[in-house]
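Novice: One structure follows; several queries about it will come next.
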Amino acid sequence: MVPRLADCFQPRAAYSFDEGGGNASGTRLLSGLGGVGKTQMAIGLAEQLMTGNQLDLLVWVSAASRQSILAGYGHAAVDLLLPGADGSNTGQDAARFHAWLATTNRRWLVVLDDLCNAADLKGLWPPNCPTGRAVVTTRLRGSSVGAVDRRLIQVGVFVADEAAAYLTARLAEQPDLADDLEGVVADLGSHPLALAQASAFMIDEGLACSAYRQLFADKRQRLDDLVPAEHDLPDDYHRTIAATLALSIDAADRSRPLGMASPLLELASVLDSAGIPNSLFTSAAALNWLTFSRDVSERVDPDRVRSGLRTLHRLSVVTAGTDSVMVHALVQRVIRDGLTDERIEDLSWAAADALVEAWPQFEHAERDSALVNMLRAGAAAVRRHGSDSLLEPESHPLIFVSITSIGSSGNAAGAAEAFAQVLAEQERILGAEHPATFATRSNLAHWQGETGDVFGAITAYEGLLADQVRILGPSDEQTLSTRSNLAYLQGIAGDKAGAVDAFDRIWADHVRLFGAEAPKTLTARSNIQRFRGEAGDPAGAADAFARLHADRMRVLGRDHPHTLVARQSLANWRGHAGDAAGAVTELEQVLDDFRRVVGADHPDTLATRENLAYWRDKAGDRAGAAEASEQLLEDQLRVLGPRHPISLATRGRLATGRFSIGDFAGAAQAYEDLIADQVRALGEDHPETLTNKANLALILAIVSDDPIEALQRLLAEWIRVGAPDEQRTAVRGILSVARRIAREAPKGGAHFKDRLASALRSAHETRGGKM
């Protein structure tokens, strides 16, 4: 009996039974996870051949065991009235039918449905002949079913369009239920059998897609509770989706290495279905879990893990690739449905430990992107399944590692949003004064500052510091970290001298508590020298960074990102001390190292490119610097956004570049856009904001109808608002030059404008792009 084609069957565009040259003979192996539609595809082929009058004989055989295959062949021999076939000896009748297939001129199709063991077909594979073809549906794949005259067709789930079309057809008579087709397709992973049974359940219960999704998301609901009972299943299916998938899992558990399939699937069940790094399964944390979760005493080693994954792959329960393992979300759901809440919580901790262990110490933006994306997705899945258990009694390190990874890739806003969500959960579970809650507040303030909201971050750190001093004490490591972060942001906000004083005290405390060569102590030294240099001592900063770089080389190693940052700072301050060409040479080398260690898109690499373009301009290569800055800004806007401090610096230099070549309109527009973002990021009174306001005001003055009058009004306004002395002095100087040029050339003539523009550009360049 040929099974009935499902009511909503649709051809699968991605699969073809025929070779490209039209060769239809031979055996096609339809391999895949249970319920993906292998049998339906075979039925579809049979009906297509019969309807098109391309078939004389169809034999449909259950291949669940060797006995059922022999029985199917034997019955065919009797029905065909083959000589000697009388049903008295099934084995002999089967052999007669098998031999007849190789000699007949009749057009035949043999379908062997649900082959469970390749050995069951030994000596019984349909022969390869011009008039015949065979289809074998199976969960198996690999060498046991492979042969030269057999073509493996790996059948997967529906593609998104096929799944949506299927579900639309199923709900066509009750369109009010179809309020979220895409959501149901995503929840069920486009699995054909799951969609069939879920849609039947929705129709029977009168549930809209959105309501079904709410039930599906409820961890208290088992998958079997969300499909019809077995006696009500549609389309001649005899097992629920959960039971169908459980058959594959049970078969894997019975295969070698014994007892490995379930523990591996349990671990995978709380991770991301789209991809789990192979390295995670062989981490020390995973091996410990796999060892102690089994009933035997022998320790699990990486070879046994790899063998277990290959077994799951051969049975189509997972797809094990070179770098990662994929497992369908419904397989994960079936596994979790069989576990207690306590077991899932323990699994989540073990998986979280393994994720932290597998995370690269220094993420390379390009080389590690695929791995890190899988780890981040895995972290999100573990947090979803582990729920509150990953927050108490202590928050798991994975939370901080995974969110920091998001921010370090350039997505500061994403990191800030994620930490804000964690903070709300911690305050609910741990309370507002728990050290883990304080740590999250610190991380949130940091990434808030990285988005450009410097003053908001300062306010957050000030509030955090007061609470930490009260609860943890002034010498606690978290308190010191907050003091450091607050001092750094105060320096960024313009208070260089105050930052130096604060870091002097912080450095002394770090030396006392952690030692002179502790990484945090070295960071405090770095910040002292940075802000000393910005306060007016570039030569002293260069000397100090030379010593700091040597210390970081010795303590951390040549390729540690902190060592590379020290080299970058050393080059910058040497440039500020007068050696622009030397700064270019050193920064080119540092840039190569940053690209090698952390990748081209890492914020530190982008910052080095920004510094290099600046010093190329100062060394005389203005055209090269301008071109490099234009290319750099595209990458900065893509990775960091327009308000990141590094992006703001590049935008400022490009505006200055437009001014220096006489593009006053372009420079004015660039400065206006830049100032708007600086006001939001740094505030109205930040030195960089004031500098660019001064630049814009002078440009607008020089392009006005009466530059001398405009400069006089500008000077009067700056005196009124108390603008810095250096800016008022600059305007007085430009006003004096304008008056002198006016005496030598007609004030309204082009010659006057050209000479005044040249004088303004010269003054602008002399002062390093500042007025």
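Residue names in the structure tokens use chain letters A, B, ... in the order shown, residue numbers from 1 in each chain, and ligand numbers from 1 in the order shown.
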With a distance cut-off of 8 Å and only C-alpha atoms, select the neighbouring residues of A:Leu171, excluding the residue or stretch itself and same-chain residues fewer than 6 positions from it, and output the selection as JSON, numbers by chain.
Specialist: {"A": [177, 178, 199, 203]}
Novice: Write to file, as a CSV table (one decimal), in the first residue's frame, the residues of the selection just made, with N, CA and C atoms.
Specialist:
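Saved result, again-v1.csv, follows:
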```csv
chain,number,residue,atom,x,y,z
A,177,LEU,N,-6.9,32.8,11.5
A,177,LEU,CA,-5.8,32.1,12.3
A,177,LEU,C,-4.4,32.5,11.9
A,178,ALA,N,-4.3,33.0,10.6
A,178,ALA,CA,-3.0,33.2,10.0
A,178,ALA,C,-2.5,34.6,10.3
A,199,SER,N,-0.4,23.0,12.5
A,199,SER,CA,-1.5,23.7,11.8
A,199,SER,C,-2.8,22.9,12.1
A,203,ILE,N,-6.1,24.5,13.9
A,203,ILE,CA,-7.4,24.4,13.3
A,203,ILE,C,-8.4,23.7,14.3
```
Novice: Which polymer residues have any atom within 8 Å of an atom of A:Ala160, counting only C-alpha atoms, with same-chain residues fewer than 3 positions away left out, as a PyMOL selection string?
Specialist: chain A and resi 163-164+185+190
Novice: Take the selection from the previous step and output its residues with N, CA, C and O atoms, as a PDB file, in the first residue's frame.
Specialist:
```
ATOM      1  N   ALA A 163       7.744  26.976   3.411  1.00  0.00           N
ATOM      2  CA  ALA A 163       7.061  26.812   4.694  1.00  0.00           C
ATOM      3  C   ALA A 163       5.868  27.751   4.798  1.00  0.00           C
ATOM      4  O   ALA A 163       4.783  27.359   5.255  1.00  0.00           O
ATOM      5  N   ALA A 164       6.067  29.010   4.385  1.00  0.00           N
ATOM      6  CA  ALA A 164       4.970  29.978   4.451  1.00  0.00           C
ATOM      7  C   ALA A 164       3.829  29.566   3.521  1.00  0.00           C
ATOM      8  O   ALA A 164       2.642  29.677   3.883  1.00  0.00           O
ATOM      9  N   VAL A 185       6.569  29.704  11.516  1.00  0.00           N
ATOM     10  CA  VAL A 185       7.600  29.070  10.676  1.00  0.00           C
ATOM     11  C   VAL A 185       8.959  29.141  11.371  1.00  0.00           C
ATOM     12  O   VAL A 185       9.707  28.159  11.423  1.00  0.00           O
ATOM     13  N   SER A 190      10.822  25.679  10.191  1.00  0.00           N
ATOM     14  CA  SER A 190      10.381  25.281   8.852  1.00  0.00           C
ATOM     15  C   SER A 190      10.279  23.768   8.690  1.00  0.00           C
ATOM     16  O   SER A 190      10.334  23.248   7.577  1.00  0.00           O
TER      17      SER A 190
END
```
Novice: So, with only C-alpha atoms as the atoms that count, which of A:Ala217, A:Met326, A:Leu152, A:Ala457 lies closest to A:Val184?
Specialist: A:Ala217
Novice: Write out as a count of residues only the set of residues from stretch 539-626 of chain A that DSSP, computed on the backbone, places in alpha helix (DSSP H).
Specialist: 74
Novice: Fewer than 5 positions away in the same chain doesn't count, so skip those; otherwise give me all residues within 8 Å of A:Ser65, counting only C-alpha atoms, as a PyMOL selection string.
Specialist: chain A and resi 115-117+120
Novice: Compile the contact shell of stretch 497-510 of chain A as number ranges by chain: residues with an atom at most 12 Å away, counting only C-alpha atoms, same-chain residues fewer than 6 positions apart removed.
Specialist: A: 474-491, 516-537, 541
Novice: Mind dumping a table of every stretch 325-443 of chain A residue within 7 Å of stretch 595-613 of chain A, with the nearest atom pair and its distance in Å to one decimal, using only C-alpha atoms, sorted by chain and rising number, as a Markdown table?
Specialist:
```
| residue | atom | partner | partner_atom | distance |
| --- | --- | --- | --- | --- |
| A:Phe362 | CA | A:Val598 | CA | 6.5 |
| A:Glu363 | CA | A:Val598 | CA | 5.7 |
| A:His364 | CA | A:Val598 | CA | 3.8 |
| A:Ala365 | CA | A:Gly599 | CA | 4.5 |
| A:Glu366 | CA | A:Gly599 | CA | 5.6 |
| A:Ser409 | CA | A:His602 | CA | 6.1 |
| A:Gly410 | CA | A:Pro603 | CA | 6.3 |
```
Novice: Residues of the last selection are to be written out with N, CA, C and O atoms, as a PDB file, in the first residue's frame.
Specialist:
```
ATOM      1  N   PHE A 362      41.578  37.289  22.550  1.00  0.00           N
ATOM      2  CA  PHE A 362      41.539  38.538  21.788  1.00  0.00           C
ATOM      3  C   PHE A 362      40.799  38.244  20.482  1.00  0.00           C
ATOM      4  O   PHE A 362      41.257  37.444  19.668  1.00  0.00           O
ATOM      5  N   GLU A 363      39.647  38.870  20.309  1.00  0.00           N
ATOM      6  CA  GLU A 363      38.832  38.598  19.124  1.00  0.00           C
ATOM      7  C   GLU A 363      39.422  39.289  17.905  1.00  0.00           C
ATOM      8  O   GLU A 363      39.589  40.508  17.895  1.00  0.00           O
ATOM      9  N   HIS A 364      39.708  38.509  16.883  1.00  0.00           N
ATOM     10  CA  HIS A 364      40.132  39.064  15.605  1.00  0.00           C
ATOM     11  C   HIS A 364      38.883  39.360  14.797  1.00  0.00           C
ATOM     12  O   HIS A 364      38.070  38.466  14.531  1.00  0.00           O
ATOM     13  N   ALA A 365      38.729  40.612  14.388  1.00  0.00           N
ATOM     14  CA  ALA A 365      37.454  41.069  13.818  1.00  0.00           C
ATOM     15  C   ALA A 365      37.026  40.247  12.610  1.00  0.00           C
ATOM     16  O   ALA A 365      35.832  40.037  12.395  1.00  0.00           O
ATOM     17  N   GLU A 366      37.978  39.787  11.779  1.00  0.00           N
ATOM     18  CA  GLU A 366      37.615  39.025  10.594  1.00  0.00           C
ATOM     19  C   GLU A 366      37.812  37.526  10.793  1.00  0.00           C
ATOM     20  O   GLU A 366      36.905  36.730  10.568  1.00  0.00           O
ATOM     21  N   SER A 409      33.190  44.937  19.462  1.00  0.00           N
ATOM     22  CA  SER A 409      33.119  44.855  18.003  1.00  0.00           C
ATOM     23  C   SER A 409      32.728  46.191  17.382  1.00  0.00           C
ATOM     24  O   SER A 409      32.728  46.322  16.157  1.00  0.00           O
ATOM     25  N   GLY A 410      32.389  47.180  18.213  1.00  0.00           N
ATOM     26  CA  GLY A 410      31.992  48.493  17.723  1.00  0.00           C
ATOM     27  C   GLY A 410      30.551  48.836  18.010  1.00  0.00           C
ATOM     28  O   GLY A 410      30.127  49.976  17.809  1.00  0.00           O
TER      29      GLY A 410
END
```
Novice: Quick one: pull the distance between atom CA of A:Pro130 and atom CA of A:Val111, Å, one decimal.
Specialist: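 Atom CA of A:Pro130 sits 16.6 Å away from atom CA of A:Val111.
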Novice: Extract, using only C-alpha atoms, all DNA, RNA and protein residues at most 9 Å from A:Leu264, discarding same-chain residues fewer than 4 positions from it, and format them as a list in words.
Specialist: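 The residues that qualify are Met260, Ala268, Ser269, Phe281, Leu290, Val305, Gly308 and Leu309 of chain A.
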Novice: Return the single residue from A:His434, A:Phe201, A:Leu444, A:Leu330 that is closest to A:Ile403, with distances computed using only C-alpha atoms.
Specialist: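 Looking at the shortest contact to A:Ile403, the residue is A:Leu444.
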Novice: In Å to one decimal, how far is atom CA of A:Leu640 from atom CA of A:Asn411?
Specialist: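 Calculated distance between atom CA of A:Asn411 and atom CA of A:Leu640 is 6.5 Å.
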Novice: For A:Phe594, which residue among A:Ala619, A:Cys209, A:Leu564, A:Leu245 is the nearest when counting only C-alpha atoms?
Specialist: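 Looking at the shortest contact to A:Phe594, the residue is A:Leu564.
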Novice: List the neighbours of stretch 653-659 of chain A out to 8 Å using only C-alpha atoms; skip same-chain residues closer than 6 positions along the sequence, and give me the result as a list in words.
Specialist: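 The neighbour list is Tyr614, Ala626, Ser629, Glu630, Gly666, Ala667, Ala668, Ala670, Tyr671, Arg761 and Gly769 of chain A.
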Novice: Enumerate, in order of chain and increasing residue number, the residues of stretch 164-202 of chain A with an atom no farther than 7 Å from stretch 35-50 of chain A, each with its shortest atom pair and distance in Å to one decimal, counting only C-alpha atoms, as JSON lines.
Specialist:
```
{"residue": "A:His191", "atom": "CA", "partner": "A:Val36", "partner_atom": "CA", "distance": 6.0}
{"residue": "A:Pro192", "atom": "CA", "partner": "A:Val36", "partner_atom": "CA", "distance": 5.4}
{"residue": "A:Leu193", "atom": "CA", "partner": "A:Gly35", "partner_atom": "CA", "distance": 4.9}
```
Novice: Among stretch 146-246 of chain A, which residues carry a DSSP assignment of strand (DSSP E or B), reported as a list in words?
Specialist: Arg150, Arg151, Leu152, Ile153 and Gln154 of chain A
